[in-house]
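Trainee: See my_file-v3.cif below, with mmCIF, C-alpha atoms.
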data_my_file
loop_
_atom_site.group_PDB
_atom_site.id
_atom_site.type_symbol
_atom_site.label_atom_id
_atom_site.label_comp_id
_atom_site.auth_asym_id
_atom_site.auth_seq_id
_atom_site.Cartn_x
_atom_site.Cartn_y
_atom_site.Cartn_z
ATOM 1 C CA MET C 1 15.152 175.422 -130.979
ATOM 2 C CA ALA C 2 12.906 172.374 -131.238
ATOM 3 C CA ARG C 3 13.246 169.880 -128.481
ATOM 4 C CA GLU C 4 13.908 166.358 -129.599
ATOM 5 C CA VAL C 5 12.451 163.150 -128.243
ATOM 6 C CA SER C 6 15.886 161.815 -127.348
ATOM 7 C CA GLU C 7 16.498 164.820 -125.108
ATOM 8 C CA SER C 8 13.373 164.092 -123.098
ATOM 9 C CA CYS C 9 14.393 160.445 -122.929
ATOM 10 C CA MET C 10 17.788 161.499 -121.628
ATOM 11 C CA ASP C 11 16.151 163.701 -118.970
ATOM 12 C CA SER C 12 13.924 160.863 -117.842
ATOM 13 C CA LEU C 13 16.773 158.380 -117.871
ATOM 14 C CA LEU C 14 18.928 160.626 -115.711
ATOM 15 C CA THR C 15 16.072 161.134 -113.254
ATOM 16 C CA GLU C 16 15.560 157.407 -113.136
ATOM 17 C CA ILE C 17 19.278 156.635 -112.666
ATOM 18 C CA VAL C 18 19.439 159.047 -109.749
ATOM 19 C CA SER C 19 16.270 157.790 -108.154
ATOM 20 C CA SER C 20 17.146 154.112 -108.442
ATOM 21 C CA TYR C 21 20.663 154.576 -107.104
ATOM 22 C CA CYS C 22 19.541 156.847 -104.267
ATOM 23 C CA ASN C 23 16.297 155.163 -103.230
ATOM 24 C CA VAL C 24 16.684 151.527 -104.186
ATOM 25 C CA LEU C 25 20.259 150.348 -104.654
ATOM 26 C CA TYR C 26 22.138 152.477 -102.132
ATOM 27 C CA ALA C 27 19.287 154.018 -100.136
ATOM 28 C CA THR C 28 21.356 154.221 -96.968
ATOM 29 C CA LYS C 29 24.675 155.222 -98.504
ATOM 30 C CA PRO C 30 24.317 158.427 -100.510
ATOM 31 C CA GLU C 31 28.116 158.778 -100.990
ATOM 32 C CA LEU C 32 28.269 155.378 -102.618
ATOM 33 C CA ALA C 33 25.306 156.203 -104.866
ATOM 34 C CA ALA C 34 27.055 159.429 -105.880
ATOM 35 C CA ARG C 35 30.231 157.529 -106.708
ATOM 36 C CA ARG C 36 28.353 155.035 -108.851
ATOM 37 C CA ILE C 37 26.508 157.738 -110.789
ATOM 38 C CA GLU C 38 29.769 159.612 -111.305
ATOM 39 C CA ALA C 39 31.352 156.409 -112.621
ATOM 40 C CA ILE C 40 28.595 156.011 -115.212
ATOM 41 C CA GLY C 41 29.211 159.589 -116.330
ATOM 42 C CA TYR C 42 32.950 158.925 -116.435
ATOM 43 C CA GLN C 43 32.501 156.046 -118.844
ATOM 44 C CA VAL C 44 30.158 158.067 -121.054
ATOM 45 C CA GLY C 45 32.581 161.008 -121.133
ATOM 46 C CA HIS C 46 35.493 158.700 -121.825
ATOM 47 C CA GLN C 47 33.808 157.244 -124.881
ATOM 48 C CA LEU C 48 32.331 160.493 -126.163
ATOM 49 C CA SER C 49 35.642 162.343 -126.018
ATOM 50 C CA GLU C 50 37.183 159.684 -128.213
ATOM 51 C CA ARG C 51 34.452 160.194 -130.780
ATOM 52 C CA TYR C 52 34.266 163.964 -130.776
ATOM 53 C CA THR C 53 38.021 164.518 -131.024
ATOM 54 C CA MET C 54 38.366 162.243 -134.014
ATOM 55 C CA GLU C 55 38.796 164.836 -136.754
ATOM 56 C CA ARG C 56 40.839 167.389 -134.879
ATOM 57 C CA PRO C 57 44.542 167.927 -134.302
ATOM 58 C CA ARG C 58 45.949 166.957 -130.929
ATOM 59 C CA PHE C 59 45.750 169.479 -128.100
ATOM 60 C CA SER C 60 49.017 171.090 -127.144
ATOM 61 C CA ASP C 61 48.030 172.248 -123.649
ATOM 62 C CA HIS C 62 45.347 171.997 -120.969
ATOM 63 C CA LEU C 63 43.603 175.224 -121.918
ATOM 64 C CA GLU C 64 43.047 173.991 -125.438
ATOM 65 C CA ALA C 65 41.443 170.812 -124.147
ATOM 66 C CA ILE C 66 39.228 172.776 -121.752
ATOM 67 C CA LYS C 67 38.201 175.079 -124.597
ATOM 68 C CA PHE C 68 37.280 172.023 -126.595
ATOM 69 C CA ILE C 69 35.059 170.871 -123.699
ATOM 70 C CA CYS C 70 33.440 174.328 -123.530
ATOM 71 C CA LYS C 71 32.769 174.685 -127.221
ATOM 72 C CA ASP C 72 32.550 171.554 -129.319
ATOM 73 C CA PHE C 73 31.936 168.962 -126.630
ATOM 74 C CA TRP C 74 29.219 171.005 -124.928
ATOM 75 C CA SER C 75 27.594 171.780 -128.295
ATOM 76 C CA GLU C 76 27.429 168.084 -129.080
ATOM 77 C CA LEU C 77 25.884 167.306 -125.716
ATOM 78 C CA PHE C 78 23.560 170.259 -125.131
ATOM 79 C CA LYS C 79 23.429 172.147 -128.468
ATOM 80 C CA LYS C 80 24.955 175.171 -126.781
ATOM 81 C CA GLN C 81 28.358 176.281 -125.607
ATOM 82 C CA ILE C 82 29.500 177.010 -122.087
ATOM 83 C CA ASP C 83 28.571 180.634 -121.334
ATOM 84 C CA ASN C 84 31.510 181.621 -119.207
ATOM 85 C CA LEU C 85 34.951 180.182 -118.621
ATOM 86 C CA LYS C 86 37.152 181.392 -115.800
ATOM 87 C CA THR C 87 40.557 180.207 -114.745
ATOM 88 C CA ASN C 88 43.160 181.116 -112.159
ATOM 89 C CA HIS C 89 45.909 179.890 -114.539
ATOM 90 C CA ARG C 90 46.964 177.472 -111.833
ATOM 91 C CA GLY C 91 44.963 174.460 -112.852
ATOM 92 C CA THR C 92 41.488 175.483 -111.746
ATOM 93 C CA PHE C 93 38.826 176.183 -114.329
ATOM 94 C CA VAL C 94 35.226 177.264 -113.742
ATOM 95 C CA LEU C 95 32.780 176.513 -116.528
ATOM 96 C CA GLN C 96 29.459 178.265 -116.164
ATOM 97 C CA ASP C 97 26.349 177.276 -118.086
ATOM 98 C CA ASP C 98 23.643 179.906 -117.585
ATOM 99 C CA LYS C 99 20.841 177.542 -118.447
ATOM 100 C CA PHE C 100 21.980 174.010 -117.857
ATOM 101 C CA ALA C 101 19.626 171.721 -119.785
ATOM 102 C CA TRP C 102 19.545 168.901 -117.259
ATOM 103 C CA LEU C 103 18.505 171.285 -114.493
ATOM 104 C CA SER C 104 16.055 173.397 -116.490
ATOM 105 C CA ARG C 105 13.167 171.190 -115.407
ATOM 106 C CA MET C 106 14.304 170.945 -111.831
ATOM 107 C CA SER C 107 12.007 172.658 -109.382
ATOM 108 C CA GLY C 108 13.428 174.519 -106.442
ATOM 109 C CA GLU C 109 10.243 173.819 -104.495
ATOM 110 C CA PRO C 110 10.362 171.092 -101.868
ATOM 111 C CA SER C 111 8.727 167.914 -103.092
ATOM 112 C CA THR C 112 5.483 166.629 -101.593
ATOM 113 C CA GLU C 113 7.272 163.744 -99.915
ATOM 114 C CA THR C 114 9.266 166.002 -97.660
ATOM 115 C CA ARG C 115 6.787 167.725 -95.410
ATOM 116 C CA GLY C 116 9.412 168.807 -92.902
ATOM 117 C CA SER C 117 10.169 172.353 -91.915
ATOM 118 C CA ALA C 118 11.073 174.712 -94.751
ATOM 119 C CA PRO C 119 14.900 174.778 -94.406
ATOM 120 C CA GLU C 120 15.009 171.021 -94.038
ATOM 121 C CA ALA C 121 12.940 170.581 -97.174
ATOM 122 C CA GLY C 122 15.147 173.083 -98.969
ATOM 123 C CA ASN C 123 18.203 171.063 -97.977
ATOM 124 C CA LYS C 124 16.613 167.912 -99.270
ATOM 125 C CA ALA C 125 15.842 169.602 -102.604
ATOM 126 C CA ALA C 126 19.418 170.847 -102.926
ATOM 127 C CA GLU C 127 20.693 167.385 -102.095
ATOM 128 C CA THR C 128 18.564 165.780 -104.802
ATOM 129 C CA THR C 129 19.605 168.408 -107.331
ATOM 130 C CA GLY C 130 23.213 167.777 -106.375
ATOM 131 C CA MET C 131 22.748 164.083 -107.035
ATOM 132 C CA HIS C 132 21.721 164.880 -110.611
ATOM 133 C CA LEU C 133 24.992 166.719 -111.121
ATOM 134 C CA TYR C 134 27.324 163.809 -110.434
ATOM 135 C CA PHE C 135 26.525 162.466 -113.882
ATOM 136 C CA PRO C 136 27.603 165.569 -115.883
ATOM 137 C CA CYS C 137 30.616 165.977 -113.559
ATOM 138 C CA GLY C 138 31.580 162.421 -114.393
ATOM 139 C CA ILE C 139 31.221 163.129 -118.091
ATOM 140 C CA ILE C 140 33.628 166.072 -117.905
ATOM 141 C CA ARG C 141 36.114 164.133 -115.796
ATOM 142 C CA GLY C 142 35.921 161.133 -118.143
ATOM 143 C CA ALA C 143 36.452 163.269 -121.221
ATOM 144 C CA LEU C 144 39.444 165.118 -119.753
ATOM 145 C CA SER C 145 41.051 161.972 -118.353
ATOM 146 C CA ASN C 146 40.843 160.349 -121.739
ATOM 147 C CA LEU C 147 42.579 163.382 -123.202
ATOM 148 C CA GLY C 148 45.389 162.817 -120.713
ATOM 149 C CA ILE C 149 44.338 165.363 -118.083
ATOM 150 C CA PRO C 150 43.603 163.808 -114.705
ATOM 151 C CA CYS C 151 41.317 166.108 -112.733
ATOM 152 C CA ALA C 152 38.575 166.424 -110.150
ATOM 153 C CA VAL C 153 35.248 167.982 -111.117
ATOM 154 C CA SER C 154 32.603 169.381 -108.808
ATOM 155 C CA ALA C 155 29.439 171.344 -109.467
ATOM 156 C CA ASP C 156 28.054 174.482 -107.886
ATOM 157 C CA ILE C 157 24.363 175.379 -108.033
ATOM 158 C CA SER C 158 24.076 178.468 -105.886
ATOM 159 C CA ASN C 159 22.013 180.285 -108.511
ATOM 160 C CA LEU C 160 19.716 177.965 -110.442
ATOM 161 C CA PRO C 161 19.187 177.309 -113.301
ATOM 162 C CA ALA C 162 22.755 178.467 -113.891
ATOM 163 C CA CYS C 163 25.300 175.840 -112.994
ATOM 164 C CA SER C 164 29.060 176.020 -112.591
ATOM 165 C CA PHE C 165 31.440 173.135 -112.973
ATOM 166 C CA VAL C 166 34.738 173.494 -111.200
ATOM 167 C CA ILE C 167 37.612 171.554 -112.729
ATOM 168 C CA ARG C 168 40.759 171.095 -110.674
ATOM 169 C CA ILE C 169 43.595 169.609 -112.646
ATOM 170 C CA LYS C 170 45.822 167.283 -110.669
ATOM 171 C CA VAL C 171 49.513 167.947 -111.064
ATOM 172 C CA MET E 1 49.547 145.143 -149.485
ATOM 173 C CA ILE E 2 48.934 145.875 -145.827
ATOM 174 C CA VAL E 3 50.669 143.189 -143.809
ATOM 175 C CA CYS E 4 50.091 144.327 -140.249
ATOM 176 C CA ILE E 5 47.939 146.741 -138.291
ATOM 177 C CA ALA E 6 48.194 147.495 -134.597
ATOM 178 C CA VAL E 7 46.428 149.575 -131.965
ATOM 179 C CA VAL E 8 48.609 150.606 -129.038
ATOM 180 C CA GLY E 9 47.290 152.255 -125.880
ATOM 181 C CA HIS E 10 48.601 155.409 -124.235
ATOM 182 C CA GLN E 11 50.963 153.481 -121.985
ATOM 183 C CA ASN E 12 52.308 151.585 -124.987
ATOM 184 C CA ASN E 13 50.191 148.595 -124.095
ATOM 185 C CA PRO E 14 49.012 146.564 -127.078
ATOM 186 C CA LEU E 15 45.250 146.776 -127.595
ATOM 187 C CA TYR E 16 44.976 145.012 -130.897
ATOM 188 C CA ILE E 17 47.474 143.571 -133.349
ATOM 189 C CA GLN E 18 46.688 141.678 -136.473
ATOM 190 C CA SER E 19 48.875 140.549 -139.335
ATOM 191 C CA PHE E 20 47.589 139.702 -142.779
ATOM 192 C CA THR E 21 50.223 137.434 -144.253
ATOM 193 C CA GLU E 22 50.167 133.800 -145.163
ATOM 194 C CA ALA E 23 53.755 133.265 -144.151
ATOM 195 C CA ASP E 24 54.689 132.672 -140.541
ATOM 196 C CA ASP E 25 56.239 136.054 -139.906
ATOM 197 C CA ALA E 26 53.898 137.476 -137.269
ATOM 198 C CA LEU E 27 56.772 137.789 -134.803
ATOM 199 C CA LYS E 28 58.845 139.813 -137.220
ATOM 200 C CA LEU E 29 55.913 142.155 -137.877
ATOM 201 C CA HIS E 30 55.235 142.564 -134.172
ATOM 202 C CA HIS E 31 58.867 143.478 -133.764
ATOM 203 C CA ILE E 32 58.563 146.147 -136.445
ATOM 204 C CA VAL E 33 55.496 147.567 -134.711
ATOM 205 C CA HIS E 34 57.351 147.537 -131.404
ATOM 206 C CA CYS E 35 60.282 149.451 -132.866
ATOM 207 C CA SER E 36 57.998 152.037 -134.404
ATOM 208 C CA LEU E 37 56.707 153.083 -130.976
ATOM 209 C CA ASP E 38 60.019 154.784 -130.245
ATOM 210 C CA VAL E 39 59.736 156.716 -133.477
ATOM 211 C CA VAL E 40 56.232 157.839 -132.495
ATOM 212 C CA ASP E 41 57.518 159.078 -129.129
ATOM 213 C CA GLU E 42 60.328 160.903 -130.847
ATOM 214 C CA ARG E 43 57.969 162.606 -133.278
ATOM 215 C CA VAL E 44 55.626 163.705 -130.527
ATOM 216 C CA ASN E 45 58.307 164.979 -128.168
ATOM 217 C CA ASN E 46 60.310 166.822 -130.833
ATOM 218 C CA PRO E 47 57.562 168.594 -132.746
ATOM 219 C CA LYS E 48 60.118 170.785 -134.524
ATOM 220 C CA LYS E 49 60.903 168.072 -137.006
ATOM 221 C CA SER E 50 57.331 167.514 -138.084
ATOM 222 C CA GLY E 51 57.044 171.203 -139.006
ATOM 223 C CA PRO E 52 53.753 172.118 -140.650
ATOM 224 C CA MET E 53 51.974 168.970 -139.538
ATOM 225 C CA LEU E 54 52.276 170.030 -135.934
ATOM 226 C CA ASN E 55 49.890 168.097 -133.730
ATOM 227 C CA GLU E 56 48.148 166.455 -136.603
ATOM 228 C CA THR E 57 46.799 163.005 -135.829
ATOM 229 C CA PHE E 58 48.404 161.516 -138.909
ATOM 230 C CA LEU E 59 52.121 161.117 -138.237
ATOM 231 C CA GLY E 60 53.093 160.090 -141.735
ATOM 232 C CA LEU E 61 55.851 157.673 -142.611
ATOM 233 C CA LEU E 62 57.611 156.600 -139.427
ATOM 234 C CA TYR E 63 60.444 154.705 -141.056
ATOM 235 C CA PRO E 64 61.064 152.609 -144.106
ATOM 236 C CA THR E 65 62.766 149.244 -143.938
ATOM 237 C CA GLU E 66 64.022 147.163 -146.785
ATOM 238 C CA ASN E 67 60.734 145.443 -147.432
ATOM 239 C CA TYR E 68 58.218 147.468 -145.484
ATOM 240 C CA LYS E 69 56.991 150.961 -144.821
ATOM 241 C CA VAL E 70 55.631 151.850 -141.423
ATOM 242 C CA TYR E 71 53.004 154.575 -140.942
ATOM 243 C CA GLY E 72 51.691 155.990 -137.689
ATOM 244 C CA TYR E 73 48.615 157.778 -136.408
ATOM 245 C CA LEU E 74 48.159 159.206 -132.929
ATOM 246 C CA THR E 75 44.701 160.113 -131.665
ATOM 247 C CA ASN E 76 43.864 162.871 -129.249
ATOM 248 C CA THR E 77 43.505 160.270 -126.553
ATOM 249 C CA LYS E 78 47.121 159.122 -127.096
ATOM 250 C CA VAL E 79 46.170 155.869 -128.755
ATOM 251 C CA LYS E 80 48.540 154.895 -131.550
ATOM 252 C CA PHE E 81 47.671 153.139 -134.757
ATOM 253 C CA ILE E 82 50.560 151.507 -136.603
ATOM 254 C CA LEU E 83 50.359 150.320 -140.171
ATOM 255 C CA VAL E 84 52.948 148.118 -141.890
ATOM 256 C CA THR E 85 52.721 147.787 -145.637
ATOM 257 C CA THR E 86 54.793 146.152 -148.362
ATOM 258 C CA ASP E 87 53.842 148.790 -150.925
ATOM 259 C CA LEU E 88 56.870 150.972 -151.235
ATOM 260 C CA ASP E 89 55.330 153.735 -153.290
ATOM 261 C CA VAL E 90 52.315 154.949 -151.379
ATOM 262 C CA ARG E 91 50.430 158.238 -151.494
ATOM 263 C CA ASP E 92 49.952 159.910 -148.122
ATOM 264 C CA ALA E 93 46.327 160.699 -148.941
ATOM 265 C CA ASP E 94 45.518 157.004 -149.275
ATOM 266 C CA VAL E 95 47.079 156.209 -145.932
ATOM 267 C CA ARG E 96 45.260 159.114 -144.329
ATOM 268 C CA ASN E 97 42.012 157.816 -145.724
ATOM 269 C CA PHE E 98 42.769 154.343 -144.435
ATOM 270 C CA PHE E 99 43.511 155.629 -140.934
ATOM 271 C CA ARG E 100 40.321 157.663 -140.900
ATOM 272 C CA ARG E 101 38.245 154.594 -141.644
ATOM 273 C CA PHE E 102 40.237 152.549 -139.186
ATOM 274 C CA HIS E 103 39.744 155.198 -136.520
ATOM 275 C CA SER E 104 35.968 155.109 -136.894
ATOM 276 C CA ALA E 105 36.022 151.323 -136.625
ATOM 277 C CA TYR E 106 38.100 151.682 -133.468
ATOM 278 C CA LEU E 107 35.681 154.287 -132.106
ATOM 279 C CA ASP E 108 32.723 152.009 -132.531
ATOM 280 C CA ALA E 109 34.618 149.178 -130.869
ATOM 281 C CA VAL E 110 35.555 151.175 -127.773
ATOM 282 C CA SER E 111 32.094 152.714 -127.506
ATOM 283 C CA ASN E 112 30.753 149.274 -126.801
ATOM 284 C CA PRO E 113 29.643 149.385 -123.158
ATOM 285 C CA PHE E 114 31.087 145.915 -122.625
ATOM 286 C CA HIS E 115 34.543 146.998 -123.699
ATOM 287 C CA VAL E 116 36.822 147.781 -120.766
ATOM 288 C CA PRO E 117 38.957 150.863 -121.531
ATOM 289 C CA GLY E 118 42.659 150.022 -121.655
ATOM 290 C CA LYS E 119 42.052 146.313 -122.245
ATOM 291 C CA LYS E 120 42.547 144.417 -125.464
ATOM 292 C CA ILE E 121 39.861 144.734 -128.094
ATOM 293 C CA THR E 122 38.312 141.309 -128.460
ATOM 294 C CA SER E 123 35.276 142.271 -130.505
ATOM 295 C CA LYS E 124 34.745 139.978 -133.507
ATOM 296 C CA THR E 125 32.835 142.716 -135.293
ATOM 297 C CA PHE E 126 35.865 144.964 -134.988
ATOM 298 C CA ALA E 127 38.169 142.262 -136.362
ATOM 299 C CA GLU E 128 35.799 141.704 -139.266
ATOM 300 C CA ARG E 129 35.523 145.395 -140.002
ATOM 301 C CA VAL E 130 39.281 145.823 -139.913
ATOM 302 C CA THR E 131 39.754 142.914 -142.294
ATOM 303 C CA ASN E 132 37.218 144.459 -144.658
ATOM 304 C CA ILE E 133 38.931 147.833 -144.555
ATOM 305 C CA VAL E 134 42.336 146.254 -145.143
ATOM 306 C CA LYS E 135 41.004 144.221 -148.053
ATOM 307 C CA SER E 136 39.230 147.156 -149.661
ATOM 308 C CA VAL E 137 42.267 149.408 -149.500
ATOM 309 C CA SER E 138 44.850 149.089 -152.193
ATOM 310 C CA PHE E 139 47.553 151.702 -152.197
ATOM 311 C CA HIS E 140 47.935 152.698 -155.806
ATOM 312 C CA THR E 141 51.522 152.771 -156.838
ATOM 313 C CA THR E 142 52.335 155.808 -158.850
ATOM 314 C CA GLY E 143 55.472 154.357 -160.445
#
Would you give me this structure, written as structure tokens?

Mentor:
Amino acid sequence: MAREVSESCMDSLLTEIVSSYCNVLYATKPELAARRIEAIGYQVGHQLSERYTMERPRFSDHLEAIKFICKDFWSELFKKQIDNLKTNHRGTFVLQDDKFAWLSRMSGEPSTETRGSAPEAGNKAAETTGMHLYFPCGIIRGALSNLGIPCAVSADISNLPACSFVIRIKV
Amino acid sequence: MIVCIAVVGHQNNPLYIQSFTEADDALKLHHIVHCSLDVVDERVNNPKKSGPMLNETFLGLLYPTENYKVYGYLTNTKVKFILVTTDLDVRDADVRNFFRRFHSAYLDAVSNPFHVPGKKITSKTFAERVTNIVKSVSFHTTG
């Protein structure tokens, strides 16, 4: 599928958000930077969910809302659906995207700036990748909260470029 | 004629309320809107009554009064739209159509990055758009 200009813009914007929050605004406080980036995502998700649910009937339960996130919402955002959805039927859902667009251009190699020992550099790379995931986590959390489902969302990147989002619904 | 339109948040907090009458009866209309919120809750919590329109955003006629008819619409995000009209013979399709247009106006208003979610909508553009929609809609009476 052809790649559109706006997608590249979005990639660059996300990279820039992460780098300015982590290196300029909150250089010494990574947790605070993460919170801010997540909050931006939350607002985006909040507004998008309002728009994308406009023409559909109301959801009767949590699973239906999660399915909406997996199918329609993800298609609107990334032109593809979530590849795998798992749940323990007790409020935890794992959404796996086998080729997450915002990580597809992320290199696992340590960057040139970090010339430390290999594991240290690997840690640094994982940390930076993790920073890029607060935004999509925020989007999911924002969308679900707006649909009346308060939850916590975290991301897991143990096997790149696949990416899993873990949603824990608060009861 | 549409005399009043209101947007009510998920905690029944008013987000936007506007009446379109010359007479000084805003308070009465606000009261009607207020009363209709209970009917919305009732509809949503007892879905049996609504039958085939289960979980549809358009809630239909909430209740008629002597001079007015009150219609409701509940979005997926639990935001309620309430419409009060003096036309007593209205087709559902027209009201549906009105709510759809109103919903997209609302969407654009809340997508404004300067709008704080859960706070009143103060956008002038939104107010203008709503007025235009209200003016352009005339519920054709079939009788």

Trainee: Apply the PyMOL selection byres ((chain C and resi 5-20) around 9) to the file shown and report the selected residues as a list in words.

Mentor: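 Matching residues under the PyMOL selection byres ((chain C and resi 5-20) around 9) are Arg3, Glu4, Tyr21, Cys22, Asn23, Val24, Leu25, Tyr26, Ala27, Ala33, Ala34, Ile37, Phe78, Ala101, Trp102, Arg105, Thr128, Met131, His132 and Phe135 of chain C.
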
Trainee: Would you give me, as a ChimeraX atom specification, the residues of chain E that come within 9 Å of chain C, using all atoms listed in the file?

Mentor: /E:10,54-58,74-78,100,103-104,107-108,110-113,117

Trainee: Give the centre and edge lengths of an axis-aligned box, in Å to one decimal, that holds all listed atoms of stretch 13-25 of chain E with 3 Å on each side, as lines of an AutoDock Vina configuration file.

Mentor:
center_x = 50.6
center_y = 140.6
center_z = -134.6
size_x = 17.3
size_y = 21.9
size_z = 27.1

Trainee: Excluding same-chain residues fewer than 3 positions from E:Thr65, what lies within 10 Å of it counting only C-alpha atoms, as a list in words?

Mentor: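 Using only C-alpha atoms, the neighbours found are Ile32, Tyr68, Lys69, Val70, Thr86 and Leu88 of chain E.
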
Trainee: If we count all atoms listed in the file and set the cut-off at 12 Å, which residues sit around C:Asp83, ignoring sequence neighbours fewer than 2 positions away in its own chain? Please answer as a PyMOL selection string.

Mentor: chain C and resi 67+69-71+74-75+80-81+85-86+94-100+162-165

Trainee: Taking the file as I've supplied it (selection: the PyMOL selection byres ((chain E and resi 19) around 12)), which residues are included? Please answer as a PyMOL selection string.

Mentor: chain E and resi 1-7+16-18+20-33+82-85+127+130-131+134

Trainee: For the file shown, report as a ChimeraX atom specification the outcome of the PyMOL selection byres ((chain E and resi 91) around 12) at residue level.

Mentor: /E:60-61,69,71,87-90,92-98,138-143

Trainee: Excluding E:Val8 and residues on its chain fewer than 6 positions from it, collect all residues at most 7 Å away from it, counting only C-alpha atoms, and give them as a list in words.

Mentor: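 Once the nearby chain positions are removed, what remains is Pro14, Leu15, Tyr16, Val79, Lys80 and Phe81 of chain E.
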
Trainee: Would you work out the distance separating atom CA of C:Ile157 from atom CA of C:Pro136, expressed in Å to one decimal?

Mentor: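 Interatomic distance, atom CA of C:Ile157 to atom CA of C:Pro136: 13.0 Å.
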
Trainee: Which value, in Å to one decimal, gives the distance between atom CA of C:Asp72 and atom CA of E:Tyr73?

Mentor: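 Taking atom CA of C:Asp72 as the start and atom CA of E:Tyr73 as the end point, the length is 22.3 Å.
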
Trainee: For a quick check of understanding, using all atoms listed in the file, which of C:Val166, C:Ser104, C:Thr28, C:Glu64 has the smallest distance to C:Asn84?

Mentor: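 Of all the options, C:Val166 lies closest to C:Asn84.
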
Trainee: Calculate how many Å separate atom CA of E:Ala105 from atom CA of E:Lys135, rounding to one decimal.

Mentor: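 Pair atom CA of E:Ala105 / atom CA of E:Lys135 returns 14.3 Å.
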
Trainee: Need the shell around E:Asp38: protein/DNA/RNA residues with any atom at most 10 Å away, counting all atoms listed in the file. Skip same-chain ones fewer than 6 positions apart. Format as a list of chain:residue names?

Mentor: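 Contacts, with the query itself left out: E:Asn12, E:Val44, E:Leu62.
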
Trainee: For C:Glu38, which residue among C:Leu160, C:Leu133, C:Cys151, C:Ile169 is the nearest when counting only C-alpha atoms?

Mentor: C:Leu133
